[in-house]
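Undergrad: Enclosed is the structure file target14.csv (CSV, C-alpha atoms).
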chain,number,residue,atom,x,y,z
A,1,SER,CA,0.0,0.0,0.0
A,2,LYS,CA,1.3,3.4,-0.8
A,3,GLY,CA,2.1,6.4,1.4
A,4,LEU,CA,0.5,9.8,1.2
A,5,ILE,CA,2.4,12.4,-0.8
A,6,VAL,CA,2.7,16.1,0.2
A,7,TYR,CA,3.8,18.9,-2.1
A,8,TYR,CA,4.8,22.1,-0.4
A,9,THR,CA,6.4,25.3,-1.6
A,10,ASN,CA,6.8,29.0,-0.6
A,11,CYS,CA,5.2,30.4,-3.7
A,12,ARG,CA,5.6,34.1,-3.2
A,13,SER,CA,2.2,34.9,-4.6
A,14,ILE,CA,0.1,32.0,-5.8
A,15,THR,CA,-2.5,33.6,-8.1
A,16,PRO,CA,-0.1,34.3,-11.0
A,17,LYS,CA,1.3,30.8,-10.6
A,18,LEU,CA,-1.9,28.8,-10.6
A,19,ASP,CA,-1.7,27.8,-14.3
A,20,ASP,CA,1.9,26.6,-13.8
A,21,LEU,CA,0.8,24.7,-10.7
A,22,ARG,CA,-2.1,23.0,-12.5
A,23,THR,CA,0.3,22.0,-15.3
A,24,PHE,CA,2.8,20.7,-12.8
A,25,LEU,CA,0.1,18.6,-11.1
A,26,SER,CA,-1.3,17.2,-14.4
A,27,SER,CA,2.2,16.2,-15.5
A,28,LYS,CA,2.5,13.8,-12.5
A,29,ASN,CA,1.6,10.2,-13.0
A,30,VAL,CA,-1.0,8.6,-10.8
A,31,HIS,CA,1.7,7.2,-8.4
A,32,ASP,CA,3.5,10.5,-8.0
A,33,LYS,CA,0.5,12.8,-7.8
A,34,PRO,CA,0.4,14.7,-4.4
A,35,ASP,CA,-2.5,13.8,-2.1
A,36,ILE,CA,-2.0,17.1,-0.2
A,37,LEU,CA,-0.8,20.5,-1.4
A,38,THR,CA,0.3,23.1,1.1
A,39,PHE,CA,1.7,26.6,0.4
A,40,THR,CA,3.2,29.6,2.3
A,41,GLU,CA,3.5,33.2,1.1
A,42,THR,CA,0.3,32.9,-0.9
A,43,TRP,CA,-0.2,36.6,-0.7
A,44,THR,CA,-4.0,36.1,-0.9
A,45,ASN,CA,-6.3,38.8,0.3
A,46,GLU,CA,-10.0,39.7,0.3
A,47,THR,CA,-9.9,40.7,-3.4
A,48,ILE,CA,-9.2,37.1,-4.3
A,49,SER,CA,-12.2,34.7,-4.2
A,50,ASP,CA,-11.9,31.0,-3.2
A,51,LYS,CA,-13.2,30.2,-6.7
A,52,GLU,CA,-10.2,31.8,-8.3
A,53,LEU,CA,-8.0,29.5,-6.1
A,54,GLU,CA,-9.6,26.3,-7.2
A,55,ILE,CA,-7.3,23.4,-8.2
A,56,PRO,CA,-8.9,20.6,-10.2
A,57,GLY,CA,-9.1,17.3,-8.3
A,58,TYR,CA,-8.4,19.0,-4.9
A,59,THR,CA,-10.5,20.6,-2.2
A,60,MET,CA,-9.3,23.7,-0.3
A,61,LEU,CA,-9.1,22.9,3.4
A,62,VAL,CA,-7.2,25.9,4.7
A,63,ARG,CA,-7.1,29.5,3.6
A,64,LEU,CA,-5.3,31.8,6.0
A,65,ASP,CA,-4.7,35.3,4.6
A,66,ARG,CA,-2.1,37.5,6.3
A,67,THR,CA,-4.0,40.5,7.5
A,68,ASP,CA,-1.3,42.6,9.2
A,69,THR,CA,0.4,43.5,6.0
A,70,GLY,CA,-0.7,45.4,2.8
A,71,GLY,CA,-2.7,43.1,0.5
A,72,GLY,CA,-1.7,40.0,2.4
A,73,ARG,CA,1.9,40.2,1.1
A,74,GLY,CA,4.7,38.4,3.0
A,75,GLY,CA,2.4,35.6,4.2
A,76,GLY,CA,-0.7,33.6,3.7
A,77,ILE,CA,-1.2,29.8,3.9
A,78,LEU,CA,-3.3,27.5,1.6
A,79,THR,CA,-3.8,23.8,2.0
A,80,TYR,CA,-5.6,21.4,-0.3
A,81,ALA,CA,-6.3,17.7,-0.3
A,82,THR,CA,-7.6,15.2,-2.9
A,83,ASN,CA,-11.2,14.0,-2.3
A,84,SER,CA,-9.8,10.5,-1.5
A,85,VAL,CA,-8.0,11.7,1.6
A,86,GLN,CA,-9.8,12.1,4.9
A,87,ALA,CA,-8.5,15.5,6.0
A,88,THR,CA,-9.9,18.4,8.0
A,89,GLU,CA,-8.7,21.7,9.3
A,90,GLU,CA,-8.4,21.9,13.1
A,91,THR,CA,-7.9,25.0,15.2
A,92,HIS,CA,-5.6,25.2,18.2
A,93,ALA,CA,-4.9,28.2,20.5
A,94,THR,CA,-1.1,27.7,20.3
A,95,LEU,CA,-1.3,27.9,16.5
A,96,GLU,CA,-3.5,30.9,16.5
A,97,GLY,CA,-1.1,32.7,18.8
A,98,PHE,CA,1.7,32.5,16.2
A,99,ASN,CA,1.7,34.5,12.9
A,100,GLN,CA,1.3,32.2,10.9
A,101,ALA,CA,0.5,28.5,11.2
A,102,SER,CA,-2.4,26.1,10.3
A,103,LEU,CA,-3.2,22.5,11.1
A,104,ILE,CA,-4.9,19.7,9.3
A,105,THR,CA,-5.5,16.2,10.6
A,106,ILE,CA,-5.3,13.3,8.2
A,107,GLY,CA,-6.8,9.9,8.6
A,108,ALA,CA,-4.3,7.3,7.3
A,109,ALA,CA,-4.4,3.5,7.4
A,110,ASP,CA,-1.8,3.6,10.2
A,111,GLY,CA,-3.6,6.2,12.3
A,112,ILE,CA,-4.2,10.0,12.6
A,113,TYR,CA,-1.5,12.4,11.5
A,114,ASN,CA,-1.2,16.2,12.2
A,115,LEU,CA,0.2,18.3,9.4
A,116,ILE,CA,1.2,21.8,10.5
A,117,THR,CA,2.1,24.4,7.9
A,118,VAL,CA,4.3,27.2,9.2
A,119,TYR,CA,5.5,30.5,7.8
A,120,ARG,CA,7.8,32.6,10.0
A,121,SER,CA,8.5,35.9,8.3
A,122,PRO,CA,12.1,37.2,8.3
A,123,SER,CA,10.7,40.2,10.2
A,124,SER,CA,9.0,38.1,12.9
A,125,ASP,CA,9.4,39.8,16.2
A,126,PRO,CA,10.9,38.2,19.4
A,127,ALA,CA,7.5,37.5,20.9
A,128,ASN,CA,6.3,35.7,17.8
A,129,ASN,CA,9.5,33.7,17.6
A,130,LEU,CA,8.9,32.5,21.2
A,131,LYS,CA,5.3,31.5,20.2
A,132,LEU,CA,6.8,29.3,17.4
A,133,ASN,CA,9.0,27.5,20.0
A,134,GLU,CA,6.0,27.1,22.3
A,135,MET,CA,4.0,25.6,19.4
A,136,ILE,CA,6.9,23.1,18.6
A,137,ARG,CA,7.0,22.1,22.3
A,138,SER,CA,3.3,21.7,22.8
A,139,MET,CA,2.3,20.2,19.4
A,140,SER,CA,5.0,17.6,18.9
A,141,LYS,CA,2.9,14.7,20.0
A,142,GLY,CA,1.9,11.5,18.3
A,143,ARG,CA,2.3,11.5,14.5
A,144,THR,CA,3.0,15.2,13.8
A,145,ILE,CA,4.7,16.8,10.8
A,146,PHE,CA,5.7,20.5,10.6
A,147,VAL,CA,6.4,21.8,7.1
A,148,GLY,CA,7.1,25.3,5.9
A,149,ASP,CA,9.4,28.3,5.6
A,150,PHE,CA,11.0,28.9,9.0
A,151,ASN,CA,13.6,31.4,7.8
A,152,TYR,CA,16.4,30.2,10.1
A,153,ARG,CA,19.3,30.1,7.6
A,154,GLN,CA,21.7,30.1,10.6
A,155,ILE,CA,21.1,26.4,11.4
A,156,ASP,CA,23.3,23.7,9.9
A,157,TRP,CA,20.9,20.7,10.4
A,158,GLU,CA,23.4,18.1,9.3
A,159,ALA,CA,26.1,19.2,11.7
A,160,GLY,CA,23.6,20.0,14.4
A,161,GLN,CA,24.9,23.5,15.1
A,162,LEU,CA,24.6,27.2,14.2
A,163,THR,CA,26.8,28.6,11.4
A,164,VAL,CA,26.5,32.1,12.9
A,165,SER,CA,25.4,33.1,16.4
A,166,ASP,CA,21.7,33.9,16.6
A,167,LYS,CA,19.7,33.8,19.8
A,168,PHE,CA,16.3,33.1,18.1
A,169,ALA,CA,17.7,30.4,15.8
A,170,GLU,CA,19.4,28.8,18.8
A,171,CYS,CA,16.2,28.8,20.9
A,172,PHE,CA,14.3,27.3,17.9
A,173,TYR,CA,16.9,24.6,17.4
A,174,ASP,CA,16.7,23.8,21.1
A,175,ALA,CA,12.9,23.4,21.0
A,176,VAL,CA,13.2,21.1,17.9
A,177,SER,CA,15.9,19.0,19.6
A,178,ASP,CA,14.1,18.8,23.0
A,179,GLN,CA,11.1,17.3,21.2
A,180,PHE,CA,13.4,14.8,19.3
A,181,LEU,CA,12.0,16.0,16.0
A,182,THR,CA,13.9,14.9,12.8
A,183,GLN,CA,14.6,17.5,10.1
A,184,HIS,CA,14.2,15.7,6.7
A,185,VAL,CA,15.2,18.3,4.1
A,186,ASN,CA,18.8,17.7,3.0
A,187,PHE,CA,19.0,20.3,0.1
A,188,PRO,CA,19.0,24.1,0.2
A,189,THR,CA,15.6,25.6,-0.7
A,190,ARG,CA,16.5,29.2,-1.4
A,191,ASN,CA,19.9,30.0,-2.9
A,192,GLU,CA,22.3,28.1,-0.5
A,193,ASN,CA,20.0,28.4,2.5
A,194,TYR,CA,18.0,25.7,4.2
A,195,LEU,CA,14.9,27.8,5.0
A,196,ASP,CA,12.1,25.3,4.2
A,197,LEU,CA,12.0,22.3,6.6
A,198,VAL,CA,10.1,19.1,7.1
A,199,LEU,CA,10.2,18.3,10.9
A,200,ALA,CA,8.6,15.2,12.2
A,201,THR,CA,8.1,13.3,15.4
A,202,SER,CA,9.7,10.0,15.9
A,203,ALA,CA,6.4,8.2,15.3
A,204,VAL,CA,6.4,9.4,11.7
A,205,GLN,CA,8.2,7.7,8.8
A,206,ILE,CA,9.1,10.3,6.1
A,207,SER,CA,10.5,9.1,2.8
A,208,ARG,CA,11.3,10.3,-0.7
A,209,VAL,CA,12.0,13.9,0.2
A,210,THR,CA,12.4,15.5,-3.2
A,211,ASP,CA,13.5,18.8,-4.6
A,212,GLU,CA,10.7,19.7,-7.0
A,213,GLY,CA,12.3,22.8,-8.4
A,214,LYS,CA,10.8,26.2,-8.5
A,215,LEU,CA,7.1,26.9,-9.3
A,216,ALA,CA,7.2,29.4,-12.2
A,217,ASN,CA,9.3,32.4,-11.0
A,218,ALA,CA,9.2,31.6,-7.2
A,219,ASP,CA,12.4,32.1,-5.3
A,220,HIS,CA,12.2,28.9,-3.3
A,221,VAL,CA,12.2,25.3,-4.5
A,222,GLY,CA,9.2,23.1,-3.8
A,223,ILE,CA,9.5,20.0,-1.7
A,224,SER,CA,7.6,16.7,-1.9
A,225,PHE,CA,7.7,13.8,0.6
A,226,LYS,CA,5.8,10.7,1.6
A,227,PHE,CA,4.4,9.6,4.9
A,228,GLY,CA,2.0,7.2,6.4
A,229,GLU,CA,-0.1,4.6,4.7
A,230,LYS,CA,-3.0,5.5,2.4
A,231,ILE,CA,-6.5,4.1,3.3
A,232,LYS,CA,-7.5,1.7,0.5
A,233,PRO,CA,-10.5,3.0,-1.3
A,234,PRO,CA,-13.6,0.7,-0.8
A,235,PRO,CA,-14.2,-1.7,-3.7
A,236,ASN,CA,-16.8,-0.4,-6.1
Produce structure tokens that represent the structure in this file.
TA:
Amino acid sequence: SKGLIVYYTNCRSITPKLDDLRTFLSSKNVHDKPDILTFTETWTNETISDKELEIPGYTMLVRLDRTDTGGGRGGGILTYATNSVQATEETHATLEGFNQASLITIGAADGIYNLITVYRSPSSDPANNLKLNEMIRSMSKGRTIFVGDFNYRQIDWEAGQLTVSDKFAECFYDAVSDQFLTQHVNFPTRNENYLDLVLATSAVQISRVTDEGKLANADHVGISFKFGEKIKPPPN
């Protein structure tokens, strides 16, 4: 039985890239087609309708516009799933305290998974940075995956150390380590920096972490990975 595939990217404005995204998805064969799509820096705002953001074969589960910037720039999260996946958006006080994160729960054959999409802006303030660490500490239970753009280029994940001294990067790294999370992205995602991460609890098996290249003229590469075990569709 096959695992569930997630495709994630920081898209730096999704609307002008939707055609490229639809083409990218339709080019995938049935075994490689993502079951879940999740995006940061969507730059969506109240002038963009949900209808404009439709992706054939997928249902929108999460739409979180950034409201503290002009026109939603510098943020926004969108998450979609295929109709064959049992997935729902969940709210959580710890998530809502941080600018920005969202959560979906996914029913898999081997249990329930939490997928948390995170965008930490480079201009995130100290209080917001602490809230991210609180979220890591309180939400790293069971089968949980954090994916997104954390913007901590100072961390060398392979060496397990900071490349330059930075208090916030260090506190974040400590929170991740204290929860025994594994960081699964082993390629840079923007220029030479490892900004986009896949962090998972020890109960999660992550495989086939792949550099999917850039979506249109985005400045980050996309990432796909596999987890869990798909629920077999009922026989017709």
Undergrad: Go through A:Ile48, A:Ala200, A:Val6, A:Ile55 one by one, measure the shortest atom-to-atom distance of each to A:Gly222 using only C-alpha atoms, and give the residue with the smallest value.
TA: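 With only C-alpha atoms as the atom set, the closest residue is A:Val6.
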Undergrad: A:Gln179, A:Asn10, A:Thr88, A:Ser26: which is nearest A:Gly142, counting only C-alpha atoms?
TA: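 Of all the options, A:Gln179 lies closest to A:Gly142.
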Undergrad: So which one's closest to A:Ile14, A:Asn217, A:Asn128, A:Lys232, A:Arg153? Using all atoms listed in the file, please.
TA: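 For A:Ile14, the nearest of the candidates is A:Asn217.
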Undergrad: Which one of A:Thr42, A:Thr67, A:Gln154, A:Gln161 sits closest to A:Tyr119 if you count only C-alpha atoms?
TA: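 The shortest atom-to-atom distance to A:Tyr119 comes from A:Thr42.
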Undergrad: May I have the residues within 7 Å of A:Phe172 as a compact mmCIF listing (two decimals) with C-alpha atoms, keeping the file's coordinate frame, using only C-alpha atoms and disregarding those fewer than 4 positions away in the same chain?
TA:
# COMPACT_ATOMS: atom_id res chain seq x y z
CA ASN A 133 9.00 27.50 20.00
CA PHE A 168 16.30 33.10 18.10
CA VAL A 176 13.20 21.10 17.90
Undergrad: Measuring between only C-alpha atoms, which one of A:Ser84, A:Thr40, A:Ser49, A:Asn29 shows the shortest distance to A:Thr117?
TA: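 Smallest distance to A:Thr117 is found for A:Thr40.
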Undergrad: What's the separation between atom CA of A:Asp211 and atom CA of A:Tyr173, in Å to one decimal place?
TA: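 Atom CA of A:Tyr173 lies at a distance of 23.0 Å from atom CA of A:Asp211.
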Undergrad: Between atom CA of A:Ala109 and atom CA of A:Arg63, what is the spacing in Å?
TA: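 Interatomic distance, atom CA of A:Arg63 to atom CA of A:Ala109: 26.4 Å.
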Undergrad: Using all atoms listed in the file - which residues lie no farther than 10 Å from the point (1.7, 22.4, 9.3) in the file's frame? Write them as a ChimeraX atom specification.
TA: /A:38-39,77,79,95,100-105,114-119,144-148,198-199
Undergrad: So what do you get for atom CA of A:Ile155 versus atom CA of A:Ile206, distance-wise?
TA: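 One can read the atom CA of A:Ile155 to atom CA of A:Ile206 distance as 20.8 Å.
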Undergrad: Could you give me, as a list in words, the residues that have an atom at most 9 Å away from the point (3.1, 14.5, 0.1) in the coordinates of the file, using all atoms listed in the file?
TA: Gly3, Leu4, Ile5, Val6, Tyr7, Tyr8, Lys33, Pro34, Asp35, Ile36, Leu37, Val209, Ile223, Ser224, Phe225, Lys226 and Phe227 of chain A
Undergrad: Of the residues A:Thr47, A:Thr94, A:Asn83, A:Thr15, which is the one nearest to A:Arg137, using only C-alpha atoms?
TA: A:Thr94
